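This is run-v6.pdb. It holds PDB, C-alpha atoms.
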ATOM      1  CA  MET A   7       0.000   0.000   0.000
ATOM      2  CA  GLU A   8       1.245   3.418  -0.903
ATOM      3  CA  ILE A   9       0.184   6.605   0.730
ATOM      4  CA  MET A  10       0.717   9.772  -1.262
ATOM      5  CA  GLU A  11       0.216  12.818   0.847
ATOM      6  CA  THR A  12      -0.196  15.820  -1.379
ATOM      7  CA  THR A  13      -2.957  17.823   0.281
ATOM      8  CA  THR A  14      -1.842  21.261   1.293
ATOM      9  CA  ILE A  15      -3.398  23.182   4.096
ATOM     10  CA  ILE A  16      -2.971  26.953   4.069
ATOM     11  CA  GLN A  17      -4.299  28.984   6.988
ATOM     12  CA  LYS A  18      -4.109  32.588   8.061
ATOM     13  CA  LEU A  19      -2.933  33.564  11.536
ATOM     14  CA  GLU A  20      -2.509  37.299  12.264
ATOM     15  CA  SER A  21      -0.014  38.527   9.669
ATOM     16  CA  LEU A  22       1.202  34.983   9.004
ATOM     17  CA  LEU A  23       0.225  32.648   6.228
ATOM     18  CA  LEU A  24       0.667  29.103   7.512
ATOM     19  CA  VAL A  25       1.549  26.532   4.891
ATOM     20  CA  SER A  26       1.871  22.911   5.865
ATOM     21  CA  VAL A  27       4.053  21.435   3.136
ATOM     22  CA  PRO A  28       2.939  17.882   2.249
ATOM     23  CA  ARG A  29       5.323  14.962   2.371
ATOM     24  CA  ASP A  30       5.477  13.598  -1.175
ATOM     25  CA  LEU A  31       5.221  16.276  -3.801
ATOM     26  CA  THR A  32       5.871  15.882  -7.505
ATOM     27  CA  ASP A  33       7.238  18.925  -9.331
ATOM     28  CA  ASN A  34       3.791  19.882 -10.604
ATOM     29  CA  ASP A  35       2.388  19.772  -7.091
ATOM     30  CA  VAL A  36       5.258  21.984  -5.964
ATOM     31  CA  LEU A  37       4.558  24.598  -8.640
ATOM     32  CA  GLN A  38       0.859  24.550  -7.823
ATOM     33  CA  LEU A  39       1.608  24.970  -4.156
ATOM     34  CA  ARG A  40       3.810  27.986  -4.889
ATOM     35  CA  ARG A  41       1.070  29.644  -6.954
ATOM     36  CA  GLN A  42      -1.460  28.983  -4.233
ATOM     37  CA  VAL A  43       0.855  30.553  -1.651
ATOM     38  CA  LEU A  44       1.346  33.688  -3.775
ATOM     39  CA  ARG A  45      -2.411  34.012  -4.355
ATOM     40  CA  ASP A  46      -3.099  33.702  -0.643
ATOM     41  CA  ILE A  47      -0.453  36.300   0.252
ATOM     42  CA  ARG A  48      -2.436  38.770  -1.836
ATOM     43  CA  ARG A  49      -5.801  37.582  -0.543
ATOM     44  CA  HIS A  50      -4.906  37.883   3.146
ATOM     45  CA  ASN A  51      -2.358  40.693   2.845
ATOM     46  CA  SER A  52       0.095  38.464   4.641
ATOM     47  CA  ARG A  53       3.422  39.944   5.689
ATOM     48  CA  TRP A  54       4.929  36.579   6.521
ATOM     49  CA  VAL A  55       4.697  33.119   5.028
ATOM     50  CA  LEU A  56       5.505  30.214   7.289
ATOM     51  CA  LEU A  57       6.428  27.087   5.356
ATOM     52  CA  ASP A  58       6.189  24.223   7.798
ATOM     53  CA  PHE A  59       8.235  21.171   6.847
ATOM     54  CA  SER A  60       7.329  18.926   9.778
ATOM     55  CA  LEU A  61       5.843  16.322   7.424
ATOM     56  CA  VAL A  62       8.705  16.386   4.920
ATOM     57  CA  ASP A  63      11.294  13.649   5.378
ATOM     58  CA  ILE A  64      12.966  13.761   1.944
ATOM     59  CA  CYS A  65      14.176  17.138   0.723
ATOM     60  CA  ASP A  66      16.154  17.038  -2.532
ATOM     61  CA  SER A  67      17.687  19.916  -4.493
ATOM     62  CA  PHE A  68      14.470  20.589  -6.404
ATOM     63  CA  PHE A  69      12.682  21.053  -3.117
ATOM     64  CA  GLY A  70      15.429  23.369  -1.925
ATOM     65  CA  ARG A  71      15.050  25.402  -5.070
ATOM     66  CA  PHE A  72      11.317  25.580  -4.451
ATOM     67  CA  ILE A  73      11.889  27.107  -1.024
ATOM     68  CA  HIS A  74      14.345  29.594  -2.469
ATOM     69  CA  THR A  75      12.178  30.724  -5.393
ATOM     70  CA  THR A  76       9.065  30.909  -3.233
ATOM     71  CA  ALA A  77      10.942  33.243  -0.903
ATOM     72  CA  GLN A  78      12.080  35.413  -3.816
ATOM     73  CA  MET A  79       8.560  35.660  -5.226
ATOM     74  CA  ALA A  80       6.968  36.328  -1.844
ATOM     75  CA  GLU A  81       9.482  39.116  -1.290
ATOM     76  CA  LEU A  82       8.350  40.814  -4.487
ATOM     77  CA  MET A  83       4.861  40.818  -3.021
ATOM     78  CA  GLY A  84       6.017  42.366   0.244
ATOM     79  CA  ALA A  85       6.072  39.184   2.304
ATOM     80  CA  GLU A  86       8.941  37.297   3.922
ATOM     81  CA  VAL A  87       9.303  33.551   4.138
ATOM     82  CA  ILE A  88      10.016  31.731   7.381
ATOM     83  CA  ILE A  89      10.666  28.015   7.432
ATOM     84  CA  SER A  90      10.022  25.753  10.375
ATOM     85  CA  GLY A  91       9.905  22.125  11.362
ATOM     86  CA  LEU A  92      12.890  20.900   9.368
ATOM     87  CA  GLN A  93      13.812  17.467  10.745
ATOM     88  CA  ASP A  94      17.409  16.913  11.851
ATOM     89  CA  ALA A  95      17.974  14.172   9.268
ATOM     90  CA  VAL A  96      16.638  16.479   6.551
ATOM     91  CA  VAL A  97      18.876  19.349   7.645
ATOM     92  CA  GLU A  98      21.982  17.156   7.708
ATOM     93  CA  THR A  99      21.203  15.868   4.216
ATOM     94  CA  MET A 100      20.452  19.336   2.791
ATOM     95  CA  VAL A 101      23.708  20.797   4.023
ATOM     96  CA  GLU A 102      25.844  17.863   2.893
ATOM     97  CA  LEU A 103      24.140  17.935  -0.485
ATOM     98  CA  GLY A 104      25.339  21.528  -0.763
ATOM     99  CA  MET A 105      22.040  23.391  -0.509
ATOM    100  CA  THR A 106      22.090  26.865   0.942
ATOM    101  CA  LEU A 107      19.072  29.045   1.596
ATOM    102  CA  PRO A 108      20.237  32.637   1.798
ATOM    103  CA  ASN A 109      17.964  35.318   3.256
ATOM    104  CA  ILE A 110      15.512  32.868   4.740
ATOM    105  CA  HIS A 111      14.455  32.990   8.367
ATOM    106  CA  ALA A 112      14.383  29.598  10.018
ATOM    107  CA  VAL A 113      12.578  29.020  13.298
ATOM    108  CA  LEU A 114      11.977  25.998  15.468
ATOM    109  CA  ASP A 115       8.208  26.060  15.597
ATOM    110  CA  LEU A 116       4.994  28.054  15.207
ATOM    111  CA  ASP A 117       5.492  29.904  18.518
ATOM    112  CA  ASP A 118       8.819  31.291  17.356
ATOM    113  CA  ALA A 119       7.375  32.244  13.972
ATOM    114  CA  LEU A 120       4.533  34.103  15.639
ATOM    115  CA  ALA A 121       6.958  35.876  17.975
ATOM    116  CA  LEU A 122       9.081  36.929  15.005
ATOM    117  CA  SER A 123       6.147  38.367  13.083
ATOM    118  CA  ARG A 124       4.796  40.187  16.170
ATOM    119  CA  GLU A 125       8.174  41.664  17.018
ATOM    120  CA  SER A 126       8.499  42.985  13.518
ATOM    121  CA  GLN A 127       5.016  44.445  13.597
ATOM    122  CA  GLN A 128       5.647  46.207  16.902
ATOM    123  CA  ALA A 129       8.969  47.514  15.668
ATOM    124  CA  SER A 130       7.425  48.919  12.533
ATOM    125  CA  GLN A 131       4.638  50.558  14.539
ATOM    126  CA  ALA A 132       7.239  52.093  16.852
ATOM    127  CA  ALA A 133       9.088  53.404  13.814
ATOM    128  CA  GLY A 134       5.970  55.258  12.734
ATOM    129  CA  GLY A 135       4.780  52.573  10.335
ATOM    130  CA  GLN A 136       7.031  53.819   7.598
ATOM    131  CA  ASP A 137       8.186  50.396   6.562
ATOM    132  CA  PRO A 138       5.549  47.951   7.722
ATOM    133  CA  GLY A 139       6.618  45.019   5.573
ATOM    134  CA  GLU A 140      10.211  44.905   6.597
ATOM    135  CA  PRO A 141      11.156  42.661   9.502
ATOM    136  CA  LEU A 142      13.597  44.293  11.883
ATOM    137  CA  ASN A 143      16.121  42.532  14.034
ATOM    138  CA  PRO A 144      14.981  41.438  17.496
ATOM    139  CA  ALA A 145      17.145  43.999  19.313
ATOM    140  CA  LEU A 146      15.483  46.847  17.443
ATOM    141  CA  ALA A 147      12.076  45.367  18.103
ATOM    142  CA  GLU A 148      12.769  45.253  21.834
ATOM    143  CA  LEU A 149      13.915  48.846  21.805
ATOM    144  CA  GLY A 150      10.698  49.847  20.110
ATOM    145  CA  GLN A 151       8.665  47.920  22.652
ATOM    146  CA  ALA A 152      10.364  49.507  25.655
ATOM    147  CA  ASP A 153      10.401  53.136  24.646
ATOM    148  CA  GLY A 154       7.451  53.399  22.316
ATOM    149  CA  GLU A 155       7.253  56.549  20.194
ATOM    150  CA  SER A 156      10.151  58.315  21.891
ATOM    151  CA  VAL A 157      12.711  56.027  20.242
ATOM    152  CA  ASP A 158      11.823  57.493  16.906
ATOM    153  CA  GLY A 159      12.107  61.071  18.186
ATOM    154  CA  ASP A 160      15.429  60.509  19.936
ATOM    155  CA  ALA A 161      16.940  58.907  16.911
ATOM    156  CA  ASN A 162      15.860  61.841  14.774
ATOM    157  CA  SER A 163      17.205  64.501  17.104
ATOM    158  CA  THR A 164      20.554  62.735  17.407
ATOM    159  CA  PHE A 165      20.754  62.620  13.687
ATOM    160  CA  ALA A 166      19.826  66.310  13.452
ATOM    161  CA  ASP A 167      22.502  67.274  16.026
ATOM    162  CA  LEU A 168      25.149  65.392  14.118
ATOM    163  CA  THR A 169      24.372  67.112  10.882
ATOM    164  CA  LYS A 170      24.633  70.552  12.510
ATOM    165  CA  GLU A 171      28.182  69.990  13.729
TER     166      GLU A 171
ATOM    167  CA  MET B 113      21.284 -23.997   5.254
ATOM    168  CA  VAL B 114      22.319 -21.054   3.157
ATOM    169  CA  GLU B 115      20.989 -17.757   4.336
ATOM    170  CA  LYS B 116      20.247 -15.251   1.635
ATOM    171  CA  ASP B 117      22.301 -12.170   2.405
ATOM    172  CA  SER B 118      21.312  -9.900  -0.442
ATOM    173  CA  ASN B 119      18.014  -8.609  -1.732
ATOM    174  CA  GLN B 120      17.197  -6.662  -4.832
ATOM    175  CA  VAL B 121      14.364  -4.409  -5.929
ATOM    176  CA  GLN B 122      14.170  -2.603  -9.247
ATOM    177  CA  PHE B 123      12.169   0.483 -10.187
ATOM    178  CA  SER B 124      11.534   1.561 -13.743
ATOM    179  CA  ILE B 125      11.613   5.330 -13.959
ATOM    180  CA  ARG B 126       9.405   7.091 -16.489
ATOM    181  CA  SER B 127       7.743   9.821 -14.478
ATOM    182  CA  LEU B 128       8.280  11.891 -11.364
ATOM    183  CA  MET B 129       5.704   9.740  -9.618
ATOM    184  CA  ASP B 130       8.044   6.787 -10.188
ATOM    185  CA  VAL B 131      10.873   8.818  -8.618
ATOM    186  CA  VAL B 132       8.725   9.693  -5.596
ATOM    187  CA  ARG B 133       7.809   6.005  -5.161
ATOM    188  CA  ALA B 134      11.383   4.795  -5.515
ATOM    189  CA  ARG B 135      12.840   7.258  -3.018
ATOM    190  CA  ARG B 136      10.182   6.499  -0.427
ATOM    191  CA  ARG B 137      10.776   2.767  -0.794
ATOM    192  CA  GLY B 138      14.518   3.419  -0.568
ATOM    193  CA  LEU B 139      14.045   5.305   2.694
ATOM    194  CA  GLU B 140      11.974   2.435   4.142
ATOM    195  CA  ILE B 141      14.496  -0.202   3.031
ATOM    196  CA  ALA B 142      17.471   1.690   4.472
ATOM    197  CA  LEU B 143      15.668   2.219   7.788
ATOM    198  CA  THR B 144      14.718  -1.463   7.927
ATOM    199  CA  MET B 145      18.386  -2.394   7.388
ATOM    200  CA  GLY B 146      19.234  -0.361  10.476
ATOM    201  CA  PHE B 147      20.668   2.815   8.977
ATOM    202  CA  PRO B 148      20.349   5.863  11.229
ATOM    203  CA  HIS B 149      17.630   8.240  10.085
ATOM    204  CA  ALA B 150      20.008  10.812   8.566
ATOM    205  CA  GLU B 151      21.852   8.145   6.548
ATOM    206  CA  ALA B 152      18.605   6.626   5.287
ATOM    207  CA  THR B 153      17.456  10.109   4.281
ATOM    208  CA  LYS B 154      20.655  10.554   2.272
ATOM    209  CA  VAL B 155      19.995   7.300   0.418
ATOM    210  CA  ALA B 156      16.482   8.524  -0.392
ATOM    211  CA  VAL B 157      17.719  11.915  -1.596
ATOM    212  CA  VAL B 158      20.350  10.299  -3.840
ATOM    213  CA  ILE B 159      17.619   8.124  -5.391
ATOM    214  CA  SER B 160      15.584  11.290  -5.884
ATOM    215  CA  GLU B 161      18.406  13.310  -7.484
ATOM    216  CA  LEU B 162      19.512  10.536  -9.844
ATOM    217  CA  GLY B 163      15.930   9.562 -10.640
ATOM    218  CA  ARG B 164      15.177  13.160 -11.564
ATOM    219  CA  ASN B 165      18.140  13.183 -13.932
ATOM    220  CA  ILE B 166      16.651  10.201 -15.787
ATOM    221  CA  GLU B 167      13.212  11.788 -15.923
ATOM    222  CA  ARG B 168      14.568  15.132 -17.108
ATOM    223  CA  TYR B 169      17.371  14.241 -19.511
ATOM    224  CA  VAL B 170      16.610  10.723 -20.719
ATOM    225  CA  GLY B 171      12.942   9.977 -20.138
ATOM    226  CA  GLU B 172      13.399   6.347 -19.183
ATOM    227  CA  GLY B 173      15.693   4.214 -17.063
ATOM    228  CA  THR B 174      15.949   1.976 -14.035
ATOM    229  CA  ILE B 175      16.999   2.257 -10.420
ATOM    230  CA  THR B 176      18.057  -0.945  -8.700
ATOM    231  CA  LEU B 177      18.516  -1.164  -4.951
ATOM    232  CA  THR B 178      20.516  -4.047  -3.566
ATOM    233  CA  THR B 179      20.800  -4.621   0.152
ATOM    234  CA  HIS B 180      23.636  -6.707   1.559
ATOM    235  CA  VAL B 181      22.973  -7.848   5.089
ATOM    236  CA  GLY B 182      25.870 -10.261   5.526
ATOM    237  CA  ALA B 183      29.234  -9.388   7.046
ATOM    238  CA  ASP B 184      29.636  -6.038   5.262
ATOM    239  CA  LYS B 185      26.235  -4.488   5.470
ATOM    240  CA  HIS B 186      25.607  -1.919   2.769
ATOM    241  CA  ILE B 187      23.052  -0.646   0.324
ATOM    242  CA  GLU B 188      23.870  -0.226  -3.331
ATOM    243  CA  ILE B 189      22.038   2.055  -5.737
ATOM    244  CA  VAL B 190      22.507   1.378  -9.455
ATOM    245  CA  VAL B 191      20.975   3.876 -11.858
ATOM    246  CA  GLU B 192      20.969   2.913 -15.503
ATOM    247  CA  ASP B 193      19.787   4.553 -18.686
ATOM    248  CA  HIS B 194      20.323   4.306 -22.423
ATOM    249  CA  GLY B 195      20.271   8.034 -23.006
ATOM    250  CA  PRO B 196      22.705  10.484 -24.593
ATOM    251  CA  GLY B 197      25.457   9.829 -22.055
ATOM    252  CA  ILE B 198      27.651  12.359 -20.263
ATOM    253  CA  ALA B 199      30.465  13.907 -22.303
ATOM    254  CA  ASP B 200      32.512  15.283 -19.425
ATOM    255  CA  VAL B 201      32.042  13.077 -16.364
ATOM    256  CA  ASP B 202      34.737  14.858 -14.335
ATOM    257  CA  ARG B 203      33.017  18.174 -14.742
ATOM    258  CA  VAL B 204      29.677  16.726 -13.675
ATOM    259  CA  LEU B 205      31.290  15.226 -10.587
ATOM    260  CA  ALA B 206      32.901  18.542  -9.738
ATOM    261  CA  GLY B 207      29.457  20.157  -9.823
ATOM    262  CA  GLY B 208      30.440  22.604 -12.541
ATOM    263  CA  TYR B 209      27.461  21.962 -14.743
ATOM    264  CA  SER B 210      24.436  24.152 -14.783
ATOM    265  CA  THR B 211      22.857  22.871 -17.970
ATOM    266  CA  SER B 212      19.363  22.934 -16.573
ATOM    267  CA  LYS B 213      17.655  25.344 -14.237
ATOM    268  CA  GLY B 214      18.941  23.170 -11.402
ATOM    269  CA  LEU B 215      21.507  24.234  -8.890
ATOM    270  CA  GLY B 216      23.931  21.732 -10.426
ATOM    271  CA  LEU B 217      23.851  19.702  -7.229
ATOM    272  CA  GLY B 218      22.279  16.530  -8.604
ATOM    273  CA  ILE B 219      25.313  14.343  -9.253
ATOM    274  CA  SER B 220      28.053  16.171  -7.347
ATOM    275  CA  GLY B 221      25.789  16.476  -4.305
ATOM    276  CA  SER B 222      24.770  12.823  -4.499
ATOM    277  CA  ARG B 223      28.427  11.833  -4.514
ATOM    278  CA  ARG B 224      28.962  13.727  -1.248
ATOM    279  CA  LEU B 225      26.048  11.902   0.367
ATOM    280  CA  MET B 226      27.374   8.406  -0.422
ATOM    281  CA  ASP B 227      30.506   6.456   0.571
ATOM    282  CA  GLU B 228      31.310   5.216  -2.919
ATOM    283  CA  PHE B 229      30.220   6.733  -6.195
ATOM    284  CA  GLU B 230      31.108   5.700  -9.703
ATOM    285  CA  ILE B 231      29.923   6.863 -13.122
ATOM    286  CA  GLN B 232      30.344   4.936 -16.338
ATOM    287  CA  SER B 233      29.073   6.791 -19.346
ATOM    288  CA  VAL B 234      29.416   6.399 -23.103
ATOM    289  CA  VAL B 235      28.159   9.215 -25.290
ATOM    290  CA  GLY B 236      25.305   7.953 -27.426
ATOM    291  CA  GLU B 237      24.920   4.738 -25.442
ATOM    292  CA  GLY B 238      23.974   5.618 -21.901
ATOM    293  CA  THR B 239      25.036   6.041 -18.331
ATOM    294  CA  THR B 240      25.387   3.742 -15.333
ATOM    295  CA  ILE B 241      25.897   5.194 -11.879
ATOM    296  CA  LYS B 242      26.740   2.957  -8.940
ATOM    297  CA  ALA B 243      26.629   4.313  -5.404
ATOM    298  CA  ILE B 244      27.189   2.555  -2.090
ATOM    299  CA  LYS B 245      26.542   3.429   1.521
ATOM    300  CA  TRP B 246      28.053   1.239   4.238
ATOM    301  CA  LEU B 247      26.255   0.469   7.469
ATOM    302  CA  ARG B 248      28.916   0.916  10.103
TER     303      ARG B 248
END

Mind turning this structure into structure tokens?
Amino acid sequence: MEIMETTTIIQKLESLLLVSVPRDLTDNDVLQLRRQVLRDIRRHNSRWVLLDFSLVDICDSFFGRFIHTTAQMAELMGAEVIISGLQDAVVETMVELGMTLPNIHAVLDLDDALALSRESQQASQAAGGQDPGEPLNPALAELGQADGESVDGDANSTFADLTKE
Amino acid sequence: MVEKDSNQVQFSIRSLMDVVRARRRGLEIALTMGFPHAEATKVAVVISELGRNIERYVGEGTITLTTHVGADKHIEIVVEDHGPGIADVDRVLAGGYSTSKGLGLGISGSRRLMDEFEIQSVVGEGTTIKAIKWLR
């Protein structure tokens, strides 16, 4: 008996689009999944896409390329890709195979992904909402949380002082 | 009493679905033999990479898995096709090729994942790749 698991579940959670990547995907399934993700980014105005790989136990170079191109395309739509749930055996194989995934956030689980997206949202609100789509580093986000609006003002006045001298 | 110490299963590869089937079976077989999860995953990924090459460049071929469970436990993957062959095997092994939209990892990456890796290819006749992973 063979079990082919190709059903994809995409759900929205706050500014996250949650994508549970199925276990056995053919290339056509992969392309369809990518299109569905891009459509849903638009539909839900998602800032972040979380690709969850908990079910995936075989990740070859085509799959790696899929992650990479999905991230590039999502970025053009104003969303960032986070990956989670990569199994240790999968990670070891990916790295030894020679796959690299530049500019992709990796987190351990959904909690961390949610924390990342919230931090970024708070940071962008603290910065006056000028760049809402761009995730900031955690240190900046914490700064924004602690000092609220004043961070923005202080930064500006320091900058102004410097330019006068 | 002679105990059979090797087993063989062959997959004919014509579509990506065949590749998906073969790699999943390969994962199961390697795990059953006692390979640690990461090593079994590598076997499955090598089957996937080499199977994809057949599907993409040749259209038809076979993947044969042989398990040896005697004194020197190992799994052997033999991938065979009668396609156009590889003109510059050394370059393929070095990972220098980017003929397709791939990352050029297929063969060079597969070699890194296995303990032994050997390509025999004749232009116009076909290619045979033999790869072994030892269970230590």

Residue hits in chain B, query chain A, radius 10 Å, all atoms listed in the file, as a PyMOL selection string
chain B and resi 127-133+135-137+139+148-161+164+213-225

Apply the PyMOL selection byres ((chain B and resi 194-199) around 7) to the displayed file and report the matching residues as a PDB file with C-alpha atoms, in the frame of the given file.
ATOM      1  CA  VAL B 170      16.610  10.723 -20.719  1.00  0.00           C
ATOM      2  CA  ASP B 193      19.787   4.553 -18.686  1.00  0.00           C
ATOM      3  CA  ASP B 200      32.512  15.283 -19.425  1.00  0.00           C
ATOM      4  CA  VAL B 201      32.042  13.077 -16.364  1.00  0.00           C
ATOM      5  CA  SER B 233      29.073   6.791 -19.346  1.00  0.00           C
ATOM      6  CA  VAL B 234      29.416   6.399 -23.103  1.00  0.00           C
ATOM      7  CA  VAL B 235      28.159   9.215 -25.290  1.00  0.00           C
ATOM      8  CA  GLY B 236      25.305   7.953 -27.426  1.00  0.00           C
ATOM      9  CA  GLU B 237      24.920   4.738 -25.442  1.00  0.00           C
ATOM     10  CA  GLY B 238      23.974   5.618 -21.901  1.00  0.00           C
ATOM     11  CA  THR B 239      25.036   6.041 -18.331  1.00  0.00           C
TER      12      THR B 239
END

The PyMOL selection byres ((chain B and resi 174) around 9) applied to the shown file, residues as a list in words
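Applied to this file, the PyMOL selection byres ((chain B and resi 174) around 9) selects Gln122, Phe123, Ser124, Ile125, Arg126, Gly163, Ile166, Glu172, Gly173, Ile175, Thr176, Val190, Val191, Glu192 and Asp193 of chain B.
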
Length of the CA of Leu162 (chain B) to CA of Leu143 (chain B) vector [Å]:
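Taking CA of Leu162 (chain B) and CA of Leu143 (chain B), their separation equals 19.9 Å.
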
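Once the PyMOL selection byres ((chain B and resi 187) around 6) is applied to the shown structure, the selection contains Thr178, Thr179, His186, Glu188, Ile244 and Lys245 of chain B.
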
Which distance in Å separates CA of Arg29 (chain A) and CA of Asp227 (chain B), to one decimal?
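Rounded to one decimal, the two atoms are 26.6 Å apart.
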
Between CA of Ser130 (chain A) and CA of Asp58 (chain A), measure the distance and give it in Å to one decimal.
25.2 Å

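Among the candidate residues A:Gln78, A:Gln17, A:Gln42, A:Ser52, the one lying nearest to Asn109 (chain A) is A:Gln78, with distances computed using only C-alpha atoms.
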
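If you measure from each of A:Leu24, A:Ala132, A:Asp35, A:Val62 to Val87 (chain A) using all atoms listed in the file, the closest one turns out to be A:Leu24.
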
Identify, on the basis of only C-alpha atoms, every residue whose closest approach to Ser26 (chain A) does not exceed 12 Å; exclude the query and any residue fewer than 6 positions from it along the same chain; express the result as a ChimeraX atom specification.
/A:11-18,39,43,55-62,89-92,116

Box for region 160-174 of chain B - axis-aligned, 4 Å on each of the six sides, all listed atoms - centre and size in Å to one decimal, as AutoDock Vina command-line options.
--center_x 16.2 --center_y 8.6 --center_z -13.3 --size_x 14.6 --size_y 21.2 --size_z 22.8
